[in-house]
Amino acid sequence: MASGRNGGRGKGTPGVFGLERNVFCLGLVSFFNDFSSEMVYPLFPTFLTESLRAGAWFLGLVEGLADSVASLLNLMSGWFSDRLRRRKAMVAGGYSFSALSRGTLAVVTAPWQALAAWFCNRVGKGIRTAPRDALIADSCRPDARGRAFGYQRSMDHSGALMGAAAASLLMTAFHLGYRPIFALAIVPIALGIGLLLVGVRETGVAECRDAPRVTLSDLKLKRFDRRFKVLLAAVFIFTLGNSSDAFLLLRARRMGGFPVALLPALWGVLHVGKASVSIPGGALSDRWGGKAVVVAGW
């Protein structure tokens, strides 16, 4: 029972800048991960279509297949982390899988190889996202979760902004091509994984031991309450009308005539707004409720 008590230590106790230690560290991990990711993502559409000479339809196939698998894995990884009653290992494994796949892009020579690497990148995202979010929720008080997730999203977008800026700088100032940048993208995510392993503690162990084990039958939609089903339907409809951002980047290149080196900088501008409103939005959700803030955002 000693390990169970230690596992829950620190929940709701402010650590750094008024944030619980796990929340603070996981925010930094997200920063480093998105620093890495956004060195790659804004360059991927043109790398695929210009360097590897794939068609735009193939880009859509890559994005659709990868996102679909990531969404399904979110469900399964969340269930598995509940059953395993350990989340940190799954989060670390997901980030590590993404790190390896991004590095692989530096050596691919055919579109199908890029598809496989991008697919693995999103598999890593699908593995880690639900356990990471559960770990954040386990680490803070219920009335502070909006602020905690707002901080996490703010760090996520801040890392994306810095990563995109770094990619543009490396291409313009040092004349690096796609492949060296893809290789360098491993560095920030490696730092994030190291911080995760050292700074994040497993939480909620005692609570999990007292809770009934979750089985696959518990994942049936009919077992969830009406509010969750309504939210799920709303998210589905909203996502259905939201095309992949990769096509926006490709259009900026083809129709707007943007140089490849400036595409990451253009993409980074989007994250300025996202980073600036994430923490206030999370705090408002604690005060007004999540429903009102989500509706306002949509």
# chains A, B, ... in the order shown; residues from 1 in each chain; ligands from 1
>>> residues_around(residues="Val260 of chain A", least_positions_apart="4", cutoff="10 Å", atoms="only C-alpha atoms", output="short mmCIF file (atom, residue, chain, number, x, y, z; two decimals) with C-alpha atoms, in the first residue's frame")
data_model
loop_
_atom_site.label_atom_id
_atom_site.label_comp_id
_atom_site.auth_asym_id
_atom_site.auth_seq_id
_atom_site.Cartn_x
_atom_site.Cartn_y
_atom_site.Cartn_z
CA PRO A 42 4.71 22.31 -42.54
CA LEU A 43 7.40 20.88 -44.82
CA THR A 46 5.85 19.83 -50.29
CA PHE A 47 8.43 17.17 -49.46
CA SER A 168 12.47 28.48 -41.49
CA MET A 171 16.43 26.75 -44.34
CA THR A 172 17.03 30.46 -44.97
CA GLY A 177 17.18 20.95 -47.02
CA TYR A 178 14.28 18.78 -45.95
CA LEU A 249 0.07 24.48 -46.80
CA LEU A 250 0.13 22.88 -50.22
CA ALA A 252 -0.05 28.31 -50.13
CA ARG A 253 2.88 26.82 -51.99
CA PRO A 264 7.03 26.87 -41.58
CA ALA A 265 7.04 30.57 -40.59
#
>>> residues_around(residues="Arg122 of chain A", least_positions_apart="3", cutoff="10 Å", atoms="only C-alpha atoms", output="PyMOL selection string")
chain A and resi 63+65-71+73+94+97-98+101+117-119+125-128
>>> write_last_selection(atoms="C-alpha atoms", output="PDB file, in the first residue's frame")
ATOM      1  CA  GLU A  63      -3.344  12.315 -43.757  1.00  0.00           C
ATOM      2  CA  LEU A  65      -5.247   7.087 -42.942  1.00  0.00           C
ATOM      3  CA  ALA A  66      -2.869   8.373 -40.285  1.00  0.00           C
ATOM      4  CA  ASP A  67      -5.500  10.489 -38.512  1.00  0.00           C
ATOM      5  CA  SER A  68      -8.062   7.685 -38.558  1.00  0.00           C
ATOM      6  CA  VAL A  69      -5.667   5.237 -36.968  1.00  0.00           C
ATOM      7  CA  ALA A  70      -4.601   7.812 -34.369  1.00  0.00           C
ATOM      8  CA  SER A  71      -8.235   8.413 -33.412  1.00  0.00           C
ATOM      9  CA  LEU A  73      -5.755   4.263 -30.964  1.00  0.00           C
ATOM     10  CA  GLY A  94       4.131   7.011 -27.715  1.00  0.00           C
ATOM     11  CA  PHE A  97       7.619   5.966 -31.400  1.00  0.00           C
ATOM     12  CA  SER A  98       6.909   9.379 -32.933  1.00  0.00           C
ATOM     13  CA  SER A 101       9.287   7.849 -37.220  1.00  0.00           C
ATOM     14  CA  ALA A 117       6.795   6.866 -41.495  1.00  0.00           C
ATOM     15  CA  TRP A 118       3.917   9.344 -41.156  1.00  0.00           C
ATOM     16  CA  PHE A 119       1.579   6.528 -40.209  1.00  0.00           C
ATOM     17  CA  LYS A 125       0.323  10.186 -31.084  1.00  0.00           C
ATOM     18  CA  GLY A 126      -2.594   7.796 -30.732  1.00  0.00           C
ATOM     19  CA  ILE A 127      -0.758   5.765 -28.105  1.00  0.00           C
ATOM     20  CA  ARG A 128       0.241   8.701 -25.901  1.00  0.00           C
TER      21      ARG A 128
END
>>> residues_around(residues="segment 272-275 of chain A", least_positions_apart="4", cutoff="10 Å", atoms="only C-alpha atoms", output="list in words")
Gly150, Tyr151, Gln152, Arg153, Ser154, Met155, Asp156, His157, Ser158, Gly159, Ala160, Leu161, Met162, Trp267, Gly268, Ile279 and Pro280 of chain A
>>> write_last_selection(atoms="C-alpha atoms", output="PDB file, in the first residue's frame")
ATOM      1  CA  GLY A 150      -5.063  25.285 -20.990  1.00  0.00           C
ATOM      2  CA  TYR A 151      -1.433  25.444 -19.878  1.00  0.00           C
ATOM      3  CA  GLN A 152      -0.689  22.177 -21.672  1.00  0.00           C
ATOM      4  CA  ARG A 153      -2.226  23.446 -24.912  1.00  0.00           C
ATOM      5  CA  SER A 154      -0.431  26.780 -24.580  1.00  0.00           C
ATOM      6  CA  MET A 155       2.923  25.031 -24.240  1.00  0.00           C
ATOM      7  CA  ASP A 156       1.977  22.783 -27.148  1.00  0.00           C
ATOM      8  CA  HIS A 157       1.329  25.749 -29.446  1.00  0.00           C
ATOM      9  CA  SER A 158       4.336  27.685 -28.138  1.00  0.00           C
ATOM     10  CA  GLY A 159       6.553  24.750 -29.033  1.00  0.00           C
ATOM     11  CA  ALA A 160       4.916  24.565 -32.448  1.00  0.00           C
ATOM     12  CA  LEU A 161       5.640  28.251 -33.031  1.00  0.00           C
ATOM     13  CA  MET A 162       9.285  27.872 -32.031  1.00  0.00           C
ATOM     14  CA  TRP A 267       2.385  27.977 -40.309  1.00  0.00           C
ATOM     15  CA  GLY A 268       3.859  29.297 -37.071  1.00  0.00           C
ATOM     16  CA  ILE A 279      -4.560  29.427 -20.765  1.00  0.00           C
ATOM     17  CA  PRO A 280      -7.323  32.090 -20.534  1.00  0.00           C
TER      18      PRO A 280
END
>>> select_by_dssp(residues="segment 60-261 of chain A", states="alpha helix (DSSP H)", output="PyMOL selection string")
chain A and resi 60-84+88-104+111-138+145-173+178-184+186-199+205-210+226-240+245-254
>>> closest_residue(among="A:Phe149, A:Trp288, A:Phe32, A:Phe174", to="Ile186 of chain A", atoms="only C-alpha atoms")
A:Phe32
>>> closest_residue(among="A:Met76, A:Ala164, A:Leu115, A:Leu191", to="Val269 of chain A", atoms="only C-alpha atoms")
A:Ala164
>>> atom_distance(atom1="atom CA of Asp138 of chain A", atom2="atom CA of Thr203 of chain A")
6.2 Å
>>> atom_distance(atom1="atom CA of Phe247 of chain A", atom2="atom CA of Leu270 of chain A")
14.8 Å
>>> residues_around(residues="Arg102 of chain A", least_positions_apart="5", cutoff="12 Å", atoms="only C-alpha atoms", output="count of residues only")
40
>>> closest_residue(among="A:Asp225, A:Asp143, A:Asp245, A:Glu20", to="Arg287 of chain A", atoms="only C-alpha atoms")
A:Asp143
>>> atom_distance(atom1="atom CA of Arg83 of chain A", atom2="atom CA of Ala130 of chain A")
13.0 Å
>>> residues_around(residues="Ala56 of chain A", least_positions_apart="4", cutoff="9 Å", atoms="only C-alpha atoms", output="ChimeraX atom specification")
/A:45,48-49,60-61,247,250
